[in-house]
$ cat input17.cif   # mmCIF, C-alpha atoms and all ligand atoms
data_final
loop_
_atom_site.label_atom_id
_atom_site.label_comp_id
_atom_site.auth_asym_id
_atom_site.auth_seq_id
_atom_site.Cartn_x
_atom_site.Cartn_y
_atom_site.Cartn_z
CA MET A 173 7.44 2.38 31.90
CA THR A 174 6.59 -0.24 29.32
CA ASN A 175 7.33 -3.80 30.26
CA GLN A 176 9.93 -4.98 27.73
CA ASP A 177 8.28 -8.40 27.52
CA ASP A 178 4.85 -7.11 26.71
CA LEU A 179 4.91 -5.01 23.59
CA THR A 180 1.82 -6.61 22.09
CA LEU A 181 0.21 -3.38 21.00
CA GLY A 182 3.48 -1.88 19.77
CA ARG A 183 4.26 -4.96 17.69
CA ARG A 184 0.76 -4.93 16.23
CA VAL A 185 1.19 -1.25 15.30
CA MET A 186 4.56 -1.89 13.65
CA ALA A 187 3.22 -4.86 11.66
CA MET A 188 0.32 -2.82 10.29
CA ILE A 189 2.65 0.09 9.44
CA GLU A 190 4.86 -2.39 7.59
CA ASP A 191 1.87 -3.66 5.58
CA LEU A 192 0.78 -0.14 4.67
CA ALA A 193 4.33 0.80 3.62
CA GLN A 194 4.14 -1.77 0.81
CA HIS A 195 1.66 0.44 -1.06
CA THR A 196 3.67 2.93 -3.07
CA ASP A 197 3.37 4.66 -6.44
CA GLU A 198 7.14 4.56 -6.97
CA TYR A 199 9.24 1.43 -6.85
CA GLY A 200 12.04 1.52 -4.30
CA CYS A 201 10.62 4.28 -2.11
CA LEU A 202 7.38 5.24 -0.40
CA THR A 203 5.32 7.75 -2.39
CA ARG A 204 1.57 7.63 -1.93
CA LEU A 205 -0.18 10.70 -3.23
CA TYR A 206 -3.86 11.47 -2.75
CA LEU A 207 -6.14 9.39 -5.03
CA SER A 208 -3.26 7.49 -6.64
CA PRO A 209 -3.41 3.71 -7.19
CA ALA A 210 -1.19 3.24 -4.12
CA HIS A 211 -3.57 5.38 -2.05
CA ARG A 212 -6.45 3.18 -3.22
CA ALA A 213 -4.50 0.03 -2.26
CA ALA A 214 -3.59 1.48 1.15
CA ALA A 215 -7.22 2.50 1.69
CA ASP A 216 -8.31 -1.07 0.91
CA THR A 217 -5.72 -2.46 3.34
CA THR A 218 -6.89 0.02 6.00
CA LEU A 219 -10.47 -1.08 5.34
CA ASP A 220 -9.41 -4.71 5.94
CA PHE A 221 -7.59 -3.73 9.16
CA MET A 222 -10.69 -1.96 10.41
CA ARG A 223 -12.99 -4.86 9.60
CA GLU A 224 -10.61 -7.36 11.22
CA ALA A 225 -10.65 -5.13 14.30
CA GLY A 226 -14.42 -5.41 14.40
CA LEU A 227 -15.27 -1.97 13.05
CA LYS A 228 -18.05 -1.32 10.58
CA ALA A 229 -16.02 0.32 7.84
CA HIS A 230 -16.30 1.92 4.41
CA ILE A 231 -14.38 4.18 2.06
CA ASP A 232 -16.20 7.50 1.76
CA ALA A 233 -16.91 9.74 -1.25
CA LEU A 234 -13.48 11.46 -0.98
CA GLY A 235 -11.47 8.30 -0.35
CA SER A 236 -11.20 8.56 3.44
CA VAL A 237 -11.56 5.24 5.23
CA VAL A 238 -14.04 5.40 8.10
CA GLY A 239 -14.55 2.63 10.66
CA ARG A 240 -17.13 2.75 13.42
CA LEU A 241 -17.30 0.92 16.72
CA GLU A 242 -20.81 1.20 18.12
CA GLY A 243 -21.30 2.52 21.61
CA ALA A 244 -23.71 1.48 24.34
CA ASP A 245 -25.70 4.56 23.33
CA PRO A 246 -25.51 4.80 19.52
CA GLU A 247 -26.98 8.32 19.71
CA ALA A 248 -24.34 9.67 22.10
CA PRO A 249 -21.83 12.09 20.53
CA ALA A 250 -19.01 10.02 19.02
CA LEU A 251 -15.26 10.17 19.59
CA LEU A 252 -13.23 10.53 16.39
CA ILE A 253 -9.70 9.17 16.15
CA GLY A 254 -7.62 9.54 13.04
CA SER A 255 -4.83 10.85 10.86
CA HIS A 256 -3.85 10.40 7.20
CA ILE A 257 -2.51 7.69 4.90
CA ASP A 258 -1.28 9.86 2.01
CA THR A 259 2.45 10.63 2.02
CA VAL A 260 4.94 13.05 0.52
CA VAL A 261 7.30 11.94 -2.26
CA ASP A 262 9.98 9.55 -0.93
CA ALA A 263 8.34 9.58 2.47
CA GLY A 264 8.80 7.87 5.79
CA ARG A 265 6.28 5.24 6.84
CA TYR A 266 5.05 6.69 10.13
CA ASP A 267 3.86 10.19 9.22
CA GLY A 268 0.06 9.97 9.33
CA ASN A 269 -0.10 6.19 9.07
CA LEU A 270 0.88 5.83 12.75
CA GLY A 271 -2.19 7.76 13.93
CA VAL A 272 -4.54 5.74 11.74
CA VAL A 273 -3.12 2.40 12.83
CA LEU A 274 -3.17 3.43 16.51
CA GLY A 275 -6.86 4.29 16.24
CA ILE A 276 -7.56 0.81 14.87
CA VAL A 277 -5.35 -0.93 17.44
CA VAL A 278 -7.05 0.90 20.29
CA ALA A 279 -10.54 0.01 19.00
CA GLU A 280 -9.35 -3.59 18.69
CA ALA A 281 -7.95 -3.53 22.25
CA LEU A 282 -11.25 -2.19 23.63
CA LYS A 283 -13.09 -5.05 21.95
CA ALA A 284 -10.55 -7.58 23.18
CA GLU A 285 -11.02 -6.32 26.73
CA GLY A 286 -14.77 -6.69 26.31
CA ILE A 287 -15.35 -2.97 26.78
CA THR A 288 -18.33 -1.40 25.05
CA PRO A 289 -17.70 2.33 24.87
CA SER A 290 -20.47 4.59 26.13
CA CYS A 291 -20.50 6.38 22.77
CA PRO A 292 -19.54 5.36 19.23
CA ILE A 293 -15.87 5.57 18.22
CA GLU A 294 -15.05 6.47 14.64
CA VAL A 295 -11.57 5.85 13.25
CA VAL A 296 -10.72 7.84 10.12
CA ALA A 297 -7.87 7.54 7.61
CA PHE A 298 -7.81 10.86 5.76
CA GLY A 299 -6.26 11.04 2.30
CA ASP A 300 -5.20 14.60 1.52
CA GLU A 301 -3.01 15.90 4.31
CA GLU A 302 0.34 16.36 2.62
CA ASN A 303 -0.97 18.68 -0.10
CA VAL A 304 1.50 17.37 -2.64
CA ARG A 305 -0.59 16.34 -5.65
CA PHE A 306 -3.38 18.95 -5.85
CA PRO A 307 -3.48 22.60 -4.76
CA THR A 308 -5.68 21.64 -1.82
CA ASN A 309 -5.11 21.88 1.91
CA LEU A 310 -6.54 19.18 4.23
CA SER A 311 -9.49 18.75 1.86
CA THR A 312 -10.65 15.37 3.19
CA SER A 313 -10.72 16.45 6.83
CA TYR A 314 -12.32 19.81 5.96
CA ALA A 315 -15.10 17.80 4.26
CA LEU A 316 -16.03 16.23 7.61
CA ALA A 317 -16.05 19.69 9.16
CA GLY A 318 -18.49 20.81 6.43
CA ARG A 319 -15.94 23.13 4.85
CA TYR A 320 -15.23 21.48 1.52
CA ASP A 321 -15.04 24.07 -1.27
CA PRO A 322 -16.42 22.47 -4.49
CA ALA A 323 -13.92 24.60 -6.46
CA TRP A 324 -11.19 22.29 -5.09
CA LEU A 325 -12.46 19.62 -7.49
CA ASP A 326 -11.17 21.71 -10.41
CA GLY A 327 -7.63 21.81 -9.01
CA LYS A 328 -5.15 19.96 -11.22
CA ASP A 329 -2.06 17.88 -10.55
CA ALA A 330 1.25 18.27 -12.43
CA ASP A 331 -0.09 16.03 -15.24
CA GLY A 332 -3.17 18.20 -15.74
CA ILE A 333 -5.53 15.66 -14.11
CA SER A 334 -8.28 17.36 -12.13
CA LEU A 335 -9.08 16.29 -8.60
CA ARG A 336 -12.60 15.48 -9.85
CA ASP A 337 -11.28 13.05 -12.50
CA ALA A 338 -8.78 11.50 -10.11
CA LEU A 339 -11.56 11.02 -7.56
CA LEU A 340 -13.78 9.27 -10.12
CA GLU A 341 -10.86 7.08 -11.17
CA PHE A 342 -10.24 6.22 -7.51
CA GLY A 343 -13.85 5.14 -7.12
CA GLY A 344 -14.99 8.21 -5.20
CA ASP A 345 -18.09 10.31 -5.72
CA PRO A 346 -17.91 14.10 -6.22
CA LEU A 347 -21.68 14.28 -5.71
CA GLY A 348 -21.39 12.63 -2.30
CA ILE A 349 -19.03 15.18 -0.76
CA ALA A 350 -21.60 17.52 0.79
CA ALA A 351 -23.14 14.58 2.67
CA LEU A 352 -19.77 13.87 4.38
CA ALA A 353 -20.23 16.95 6.60
CA ARG A 354 -20.77 15.78 10.16
CA ASP A 355 -23.18 17.33 12.63
CA PRO A 356 -21.04 18.96 15.36
CA ALA A 357 -23.66 18.01 17.96
CA ARG A 358 -22.90 14.35 17.27
CA TYR A 359 -19.15 14.52 17.97
CA ARG A 360 -17.57 14.95 21.37
CA GLY A 361 -13.98 15.16 20.27
CA TYR A 362 -11.12 14.21 17.97
CA LEU A 363 -7.84 12.60 18.95
CA GLU A 364 -4.87 12.38 16.60
CA VAL A 365 -1.57 10.68 17.33
CA HIS A 366 1.31 11.75 15.09
CA ILE A 367 5.08 11.52 15.05
CA GLU A 368 6.54 14.75 16.40
CA GLN A 369 8.54 15.57 13.24
CA GLY A 370 10.88 17.55 15.47
CA PRO A 371 13.59 16.88 18.07
CA GLN A 372 12.03 18.12 21.33
CA LEU A 373 10.76 14.83 22.80
CA GLU A 374 14.02 13.09 21.97
CA ALA A 375 15.96 15.90 23.64
CA ARG A 376 13.83 15.51 26.78
CA ASN A 377 14.04 11.71 26.63
CA LEU A 378 10.26 11.35 26.49
CA PRO A 379 8.38 8.85 24.30
CA VAL A 380 5.25 10.99 23.93
CA GLY A 381 4.10 14.55 24.45
CA ILE A 382 0.83 16.48 24.40
CA VAL A 383 0.31 19.09 21.71
CA SER A 384 -0.73 22.45 23.16
CA ALA A 385 -1.56 24.15 19.86
CA ILE A 386 -0.86 23.85 16.18
CA ASN A 387 1.11 26.87 15.10
CA GLY A 388 -0.38 29.64 13.03
CA ILE A 389 1.71 30.73 10.06
CA THR A 390 2.47 34.01 8.31
CA ARG A 391 4.26 33.80 4.99
CA ALA A 392 5.57 36.79 3.06
CA ARG A 393 7.75 37.68 0.09
CA ALA A 394 10.20 40.54 0.51
CA SER A 395 12.51 42.46 -1.79
CA VAL A 396 15.49 44.66 -1.05
CA ILE A 397 16.79 46.88 -3.82
CA GLY A 398 20.18 48.53 -3.57
CA GLU A 399 22.64 49.38 -6.28
CA ALA A 400 24.99 47.23 -8.32
CA GLY A 401 28.61 48.31 -8.55
CA HIS A 402 32.13 47.08 -9.14
CA ALA A 403 33.25 44.89 -6.25
CA GLY A 404 36.75 46.30 -6.60
CA THR A 405 36.21 50.02 -7.04
CA VAL A 406 33.25 51.15 -4.91
CA PRO A 407 34.44 52.00 -1.36
CA MET A 408 32.63 50.26 1.49
CA THR A 409 31.19 53.55 2.78
CA MET A 410 29.58 54.32 -0.57
CA ARG A 411 27.81 51.00 -1.17
CA ARG A 412 24.11 50.13 -1.17
CA ASP A 413 24.61 46.38 -0.97
CA ALA A 414 21.23 44.58 -1.06
CA LEU A 415 22.62 41.27 0.17
CA ALA A 416 24.48 42.84 3.10
CA ALA A 417 21.17 44.47 4.06
CA VAL A 418 19.36 41.13 3.83
CA ALA A 419 22.07 39.50 5.95
CA GLU A 420 21.21 42.03 8.65
CA MET A 421 17.49 41.32 8.14
CA ILE A 422 18.00 37.58 8.55
CA GLY A 423 19.66 38.38 11.88
CA ILE A 424 16.57 40.43 12.80
CA VAL A 425 14.29 37.49 11.90
CA GLU A 426 16.40 35.15 13.98
CA ARG A 427 16.42 37.44 17.02
CA ALA A 428 12.69 38.25 16.83
CA SER A 429 11.82 34.54 16.90
CA SER A 430 14.48 33.47 19.42
CA LYS A 431 13.56 36.06 22.05
CA ARG A 432 10.01 34.64 22.30
CA SER A 433 9.21 31.13 23.44
CA ASP A 434 7.70 28.61 21.02
CA THR A 435 8.06 30.92 18.01
CA VAL A 436 10.05 30.10 14.89
CA ALA A 437 10.86 32.19 11.83
CA THR A 438 12.79 31.26 8.75
CA VAL A 439 14.19 32.88 5.64
CA GLY A 440 14.14 29.85 3.36
CA VAL A 441 14.71 31.48 -0.01
CA ALA A 442 17.04 34.33 -0.96
CA GLN A 443 17.71 35.09 -4.62
CA VAL A 444 20.54 37.46 -5.35
CA GLN A 445 20.82 39.63 -8.46
CA PRO A 446 22.89 39.95 -10.48
CA GLY A 447 24.68 37.16 -8.57
CA ALA A 448 28.27 37.58 -9.72
CA ILE A 449 31.46 37.33 -7.69
CA ASN A 450 32.69 40.78 -8.68
CA VAL A 451 29.42 42.72 -8.55
CA ILE A 452 27.84 44.33 -5.48
CA PRO A 453 24.38 42.72 -5.13
CA ALA A 454 21.68 45.04 -6.48
CA ARG A 455 18.60 43.15 -5.48
CA VAL A 456 17.61 40.29 -3.19
CA ASP A 457 14.18 38.65 -3.09
CA PHE A 458 13.59 36.57 0.00
CA THR A 459 10.82 34.76 1.85
CA LEU A 460 9.66 34.83 5.45
CA ASP A 461 7.89 31.95 7.20
CA ALA A 462 6.90 32.84 10.78
CA ARG A 463 5.03 30.49 13.14
CA ALA A 464 3.67 30.61 16.66
CA PRO A 465 1.10 28.73 18.77
CA ASP A 466 -0.57 32.05 19.59
CA ASP A 467 -1.81 34.46 16.90
CA ALA A 468 -1.19 37.64 18.91
CA VAL A 469 2.39 36.56 19.60
CA ARG A 470 2.92 35.74 15.92
CA HIS A 471 1.54 39.10 14.81
CA ALA A 472 3.76 40.93 17.30
CA MET A 473 6.81 39.00 16.08
CA VAL A 474 6.05 39.78 12.42
CA GLN A 475 5.46 43.44 13.28
CA ASP A 476 8.84 43.61 15.06
CA ILE A 477 10.51 42.07 12.04
CA LEU A 478 8.90 44.59 9.67
CA THR A 479 9.75 47.61 11.81
CA GLU A 480 13.36 46.61 12.32
CA CYS A 481 13.89 45.59 8.69
CA GLU A 482 12.52 48.96 7.55
CA ALA A 483 14.91 50.73 9.92
CA ALA A 484 17.83 48.65 8.66
CA ALA A 485 16.89 49.43 5.04
CA GLN A 486 16.74 53.14 5.81
CA ARG A 487 20.14 53.13 7.50
CA ARG A 488 21.65 51.36 4.52
CA GLY A 489 19.93 53.43 1.85
CA VAL A 490 18.21 50.46 0.22
CA SER A 491 14.50 50.02 -0.47
CA PHE A 492 12.56 47.33 1.37
CA THR A 493 9.13 45.98 0.46
CA ILE A 494 7.32 43.02 1.97
CA GLU A 495 4.06 41.39 0.96
CA PRO A 496 2.35 38.78 3.15
CA PHE A 497 0.65 36.11 1.00
CA MET A 498 -0.54 33.58 3.54
CA GLU A 499 -2.08 33.86 7.01
CA SER A 500 -3.13 30.69 8.78
CA PRO A 501 -4.41 31.11 12.35
CA ALA A 502 -3.14 28.95 15.20
CA THR A 503 -5.31 26.05 16.37
CA PRO A 504 -5.29 25.74 20.16
CA MET A 505 -6.00 22.21 21.35
CA ASP A 506 -8.96 21.50 23.62
CA GLU A 507 -8.16 21.84 27.36
CA ASP A 508 -10.40 18.95 28.49
CA LEU A 509 -9.03 16.50 25.94
CA MET A 510 -5.46 17.64 26.73
CA ALA A 511 -6.15 16.96 30.40
CA GLN A 512 -7.36 13.43 29.54
CA LEU A 513 -4.21 12.80 27.52
CA GLU A 514 -2.14 14.21 30.36
CA GLU A 515 -3.71 11.82 32.89
CA ALA A 516 -3.16 8.92 30.47
CA VAL A 517 0.50 9.90 30.03
CA LYS A 518 0.96 10.15 33.81
CA SER A 519 -0.64 6.73 34.31
CA SER A 520 2.17 5.32 32.16
CA MET A 521 4.63 6.97 34.58
CA ILE A 522 5.73 9.45 31.95
CA GLU A 523 6.21 13.17 32.57
CA PRO A 524 3.44 14.94 30.63
CA MET A 525 5.24 17.48 28.46
CA ARG A 526 3.27 19.95 26.38
CA LEU A 527 4.66 21.21 23.11
CA ALA A 528 3.43 23.25 20.17
CA SER A 529 3.19 21.68 16.74
CA GLY A 530 5.19 23.50 14.12
CA ALA A 531 3.57 21.51 11.31
CA GLY A 532 -0.07 21.46 10.23
CA HIS A 533 -2.27 18.39 10.75
CA ASP A 534 -5.80 17.11 10.03
CA ALA A 535 -6.64 18.29 13.56
CA VAL A 536 -6.56 21.87 12.20
CA ALA A 537 -9.55 21.08 9.99
CA ILE A 538 -11.38 18.86 12.48
CA ALA A 539 -11.09 21.53 15.21
CA ASN A 540 -13.83 23.29 13.21
CA LEU A 541 -16.12 20.31 13.85
CA CYS A 542 -15.41 19.40 17.48
CA PRO A 543 -12.82 19.76 20.26
CA ALA A 544 -9.49 18.33 19.12
CA ALA A 545 -6.27 17.19 20.77
CA MET A 546 -3.06 15.53 19.65
CA LEU A 547 -0.43 13.23 21.09
CA PHE A 548 3.07 13.39 19.60
CA VAL A 549 5.37 10.38 19.48
CA ARG A 550 9.14 10.74 19.59
CA CYS A 551 10.83 10.08 16.24
CA LYS A 552 14.52 9.43 15.73
CA GLY A 553 16.52 12.62 15.26
CA GLY A 554 13.27 14.52 14.72
CA ILE A 555 13.51 13.42 11.08
CA SER A 556 10.38 13.18 8.92
CA HIS A 557 9.31 13.51 5.28
CA ASN A 558 12.29 11.27 4.71
CA PRO A 559 12.72 7.48 4.38
CA ALA A 560 14.94 7.67 7.48
CA GLU A 561 11.86 8.48 9.58
CA SER A 562 11.93 6.07 12.52
CA ILE A 563 10.22 5.23 15.81
CA THR A 564 10.82 2.34 18.20
CA VAL A 565 8.42 -0.50 18.93
CA GLU A 566 8.61 0.52 22.59
CA ASP A 567 7.42 4.04 21.78
CA ALA A 568 4.68 2.69 19.50
CA ASP A 569 3.56 0.51 22.39
CA THR A 570 3.62 3.41 24.83
CA ALA A 571 1.63 5.57 22.40
CA ALA A 572 -0.96 2.80 21.99
CA ARG A 573 -1.32 2.38 25.76
CA VAL A 574 -1.58 6.11 26.37
CA LEU A 575 -4.21 6.49 23.64
CA LEU A 576 -6.10 3.49 24.97
CA GLN A 577 -6.06 4.97 28.48
CA ALA A 578 -7.22 8.37 27.21
CA VAL A 579 -10.00 6.81 25.13
CA LYS A 580 -11.16 4.77 28.12
CA ARG A 581 -11.27 7.94 30.21
CA ILE A 582 -13.28 9.77 27.56
CA VAL A 583 -15.76 7.03 26.61
CA ALA A 584 -16.08 5.30 30.01
ZN ZN B 1 1.33 13.94 8.79
#
$ encode --input "input17.cif" --output "structure tokens"
Amino acid sequence: MTNQDDLTLGRRVMAMIEDLAQHTDEYGCLTRLYLSPAHRAAADTTLDFMREAGLKAHIDALGSVVGRLEGADPEAPALLIGSHIDTVVDAGRYDGNLGVVLGIVVAEALKAEGITPSCPIEVVAFGDEENVRFPTNLSTSYALAGRYDPAWLDGKDADGISLRDALLEFGGDPLGIAALARDPARYRGYLEVHIEQGPQLEARNLPVGIVSAINGITRARASVIGEAGHAGTVPMTMRRDALAAVAEMIGIVERASSKRSDTVATVGVAQVQPGAINVIPARVDFTLDARAPDDAVRHAMVQDILTECEAAAQRRGVSFTIEPFMESPATPMDEDLMAQLEEAVKSSMIEPMRLASGAGHDAVAIANLCPAAMLFVRCKGGISHNPAESITVEDADTAARVLLQAVKRIVA
């Protein structure tokens, strides 16, 4: 375990996180949306960090900060390390920022140890991971994977500002986007460290864990239509209560996800009509969000939910319709890179636990460019997207040492 007296890397990580947290668009809390003035300021600070660490760095056409440490063989396929520096509204300071800072700290540590990596190392601070401001999804990381859709530039924020205009204001270059696409032959892998944003590592008393896959997602909107009636006069046996039917369906969703391992499913919205205390509910519109690290498992779970909900609707004499509106495939992490992370975790005398990621990450986009793997860091109470987001300096130190070990193994 980490020596309590030697938290050099952890302290360095925390100090850089603290500096980045000063850049916010809203006074009194941390809000740093893609291409905002605070994002620009954070990108400039990140650029300074990278240069101080000895990286050759620049801000690219989409606002991502890219720093490069040359390798003994500059032509050898490079190792990418990164995450994002944009945040949600009223965010915590570690989400995304931790992975960026760790990449810089590890590059710095390699230099300090006098190690020249066999291949170049590129550290990237992406800018559009949280998908809050524009209707885009991981646009800056998809650009590196050569999958930037130029139509995304026409997307507008809540104030009617297009991504194109915001990018120009930021100092970016819409005409330079296509050139950001990397050649897959020149990249050997991508490593991303991120806070877990869930409670599993804390529950197992582990500082870090290895991500096995990033969950695929199915989202759907469903409606149940029954019949309104007087809550006092219609006998129970003669009702077609839409909400009672949905209550049964929520139970079906819960059971279908609980009986499988690593799957989750949620009914997050349920709107009841007419919604009066003395009226039997006539209609309920609800949503389904189902996730799994394996697409076949997710499809089977969703199919079970549909079949059983239809049966429940039939029994109750209500109509049931469901319309999927989003399908995002799972992203399995690369076995070789996971094995390197696992060895690095073991060398810190930590049990190497594998866990699926329920949230999306830049690694989803970069997996289209090269093999990708992720290391999760325990966060207090599993809380994220919240100012209460918290990690310890000890865990930051452990994460830095594990990443450093893994990088050494990969670029030795
Ligand atoms: Zn994140």
$ residues_near_ligand --input "input17.cif" --ligand "ligand ZN 1 (chain B)" --cutoff "8 Å" --atoms "only C-alpha atoms and all ligand atoms" --output "PyMOL selection string"
chain A and resi 255-256+259+267-269+301-302+366-367+532-534
$ closest_residue --input "input17.cif" --among "A:Asp300, A:Glu420, A:Asp355, A:Glu515" --to "A:Gly381" --atoms "only C-alpha atoms"
A:Glu515
$ closest_residue --input "input17.cif" --among "A:Tyr199, A:Phe548, A:Phe221, A:Tyr266" --to "A:Glu374" --atoms "only C-alpha atoms"
A:Phe548
$ closest_residue --input "input17.cif" --among "A:Val517, A:Ala462, A:Ala187, A:Ala442" --to "A:Ser430" --atoms "all atoms listed in the file"
A:Ala462
$ atom_distance --input "input17.cif" --atom1 "atom CA of A:Ala330" --atom2 "atom CA of A:Asn309"
16.1 Å
$ residues_around --input "input17.cif" --residues "A:Glu341" --least-positions-apart "3" --cutoff "9 Å" --atoms "all atoms listed in the file" --output "list in words"
Leu207, Ser208, Arg336, Asp337, Ala338 and Gly344 of chain A
$ write_last_selection --input "input17.cif" --atoms "C-alpha atoms" --output "CSV table (one decimal), in the frame of the given file"
chain,number,residue,atom,x,y,z
A,207,LEU,CA,-6.1,9.4,-5.0
A,208,SER,CA,-3.3,7.5,-6.6
A,336,ARG,CA,-12.6,15.5,-9.8
A,337,ASP,CA,-11.3,13.0,-12.5
A,338,ALA,CA,-8.8,11.5,-10.1
A,344,GLY,CA,-15.0,8.2,-5.2
$ closest_residue --input "input17.cif" --among "A:Thr479, A:Thr405, A:Ser290, A:Ser556" --to "A:Ile424" --atoms "all atoms listed in the file"
A:Thr479
$ closest_residue --input "input17.cif" --among "A:Gly361, A:Pro356, A:Gly235, A:Pro559" --to "A:Leu335" --atoms "only C-alpha atoms"
A:Gly235
$ residues_around --input "input17.cif" --residues "stretch 575-581 of chain A" --least-positions-apart "3" --cutoff "9 Å" --atoms "all atoms listed in the file" --output "ChimeraX atom specification"
/A:251,274-275,277-279,281-282,287,289,363,365,509,512-517,519,547,570-572,584
$ residues_near_point --input "input17.cif" --point "(-20.4, -6.0, 24.2)" --cutoff "12 Å" --atoms "only C-alpha atoms" --output "MDAnalysis selection string"
chainID A and resid 226 241:245 282:290
$ write_last_selection --input "input17.cif" --atoms "C-alpha atoms" --output "PDB file, in the coordinates of the input"
ATOM      1  CA  GLY A 226     -14.420  -5.410  14.400  1.00  0.00           C
ATOM      2  CA  LEU A 241     -17.300   0.920  16.720  1.00  0.00           C
ATOM      3  CA  GLU A 242     -20.810   1.200  18.120  1.00  0.00           C
ATOM      4  CA  GLY A 243     -21.300   2.520  21.610  1.00  0.00           C
ATOM      5  CA  ALA A 244     -23.710   1.480  24.340  1.00  0.00           C
ATOM      6  CA  ASP A 245     -25.700   4.560  23.330  1.00  0.00           C
ATOM      7  CA  LEU A 282     -11.250  -2.190  23.630  1.00  0.00           C
ATOM      8  CA  LYS A 283     -13.090  -5.050  21.950  1.00  0.00           C
ATOM      9  CA  ALA A 284     -10.550  -7.580  23.180  1.00  0.00           C
ATOM     10  CA  GLU A 285     -11.020  -6.320  26.730  1.00  0.00           C
ATOM     11  CA  GLY A 286     -14.770  -6.690  26.310  1.00  0.00           C
ATOM     12  CA  ILE A 287     -15.350  -2.970  26.780  1.00  0.00           C
ATOM     13  CA  THR A 288     -18.330  -1.400  25.050  1.00  0.00           C
ATOM     14  CA  PRO A 289     -17.700   2.330  24.870  1.00  0.00           C
ATOM     15  CA  SER A 290     -20.470   4.590  26.130  1.00  0.00           C
TER      16      SER A 290
END
$ atom_distance --input "input17.cif" --atom1 "atom CA of A:Val451" --atom2 "atom CA of A:Ala483"
24.8 Å
$ residues_around --input "input17.cif" --residues "A:Ala215" --least-positions-apart "5" --cutoff "12 Å" --atoms "all atoms listed in the file" --output "count of residues only"
38
$ atom_distance --input "input17.cif" --atom1 "atom CA of A:Ser529" --atom2 "atom CA of A:Pro496"
21.9 Å
$ closest_residue --input "input17.cif" --among "A:Gly489, A:Gly440, A:Gly423, A:Pro346" --to "A:Thr459" --atoms "all atoms listed in the file"
A:Gly440
$ residues_around --input "input17.cif" --residues "A:Glu224" --least-positions-apart "6" --cutoff "10 Å" --atoms "all atoms listed in the file" --output "list in words"
Thr218, Ile276 and Glu280 of chain A
$ residues_around --input "input17.cif" --residues "A:Ala351" --least-positions-apart "3" --cutoff "9 Å" --atoms "only C-alpha atoms" --output "PyMOL selection string"
chain A and resi 233+315-316+318+347-348+354
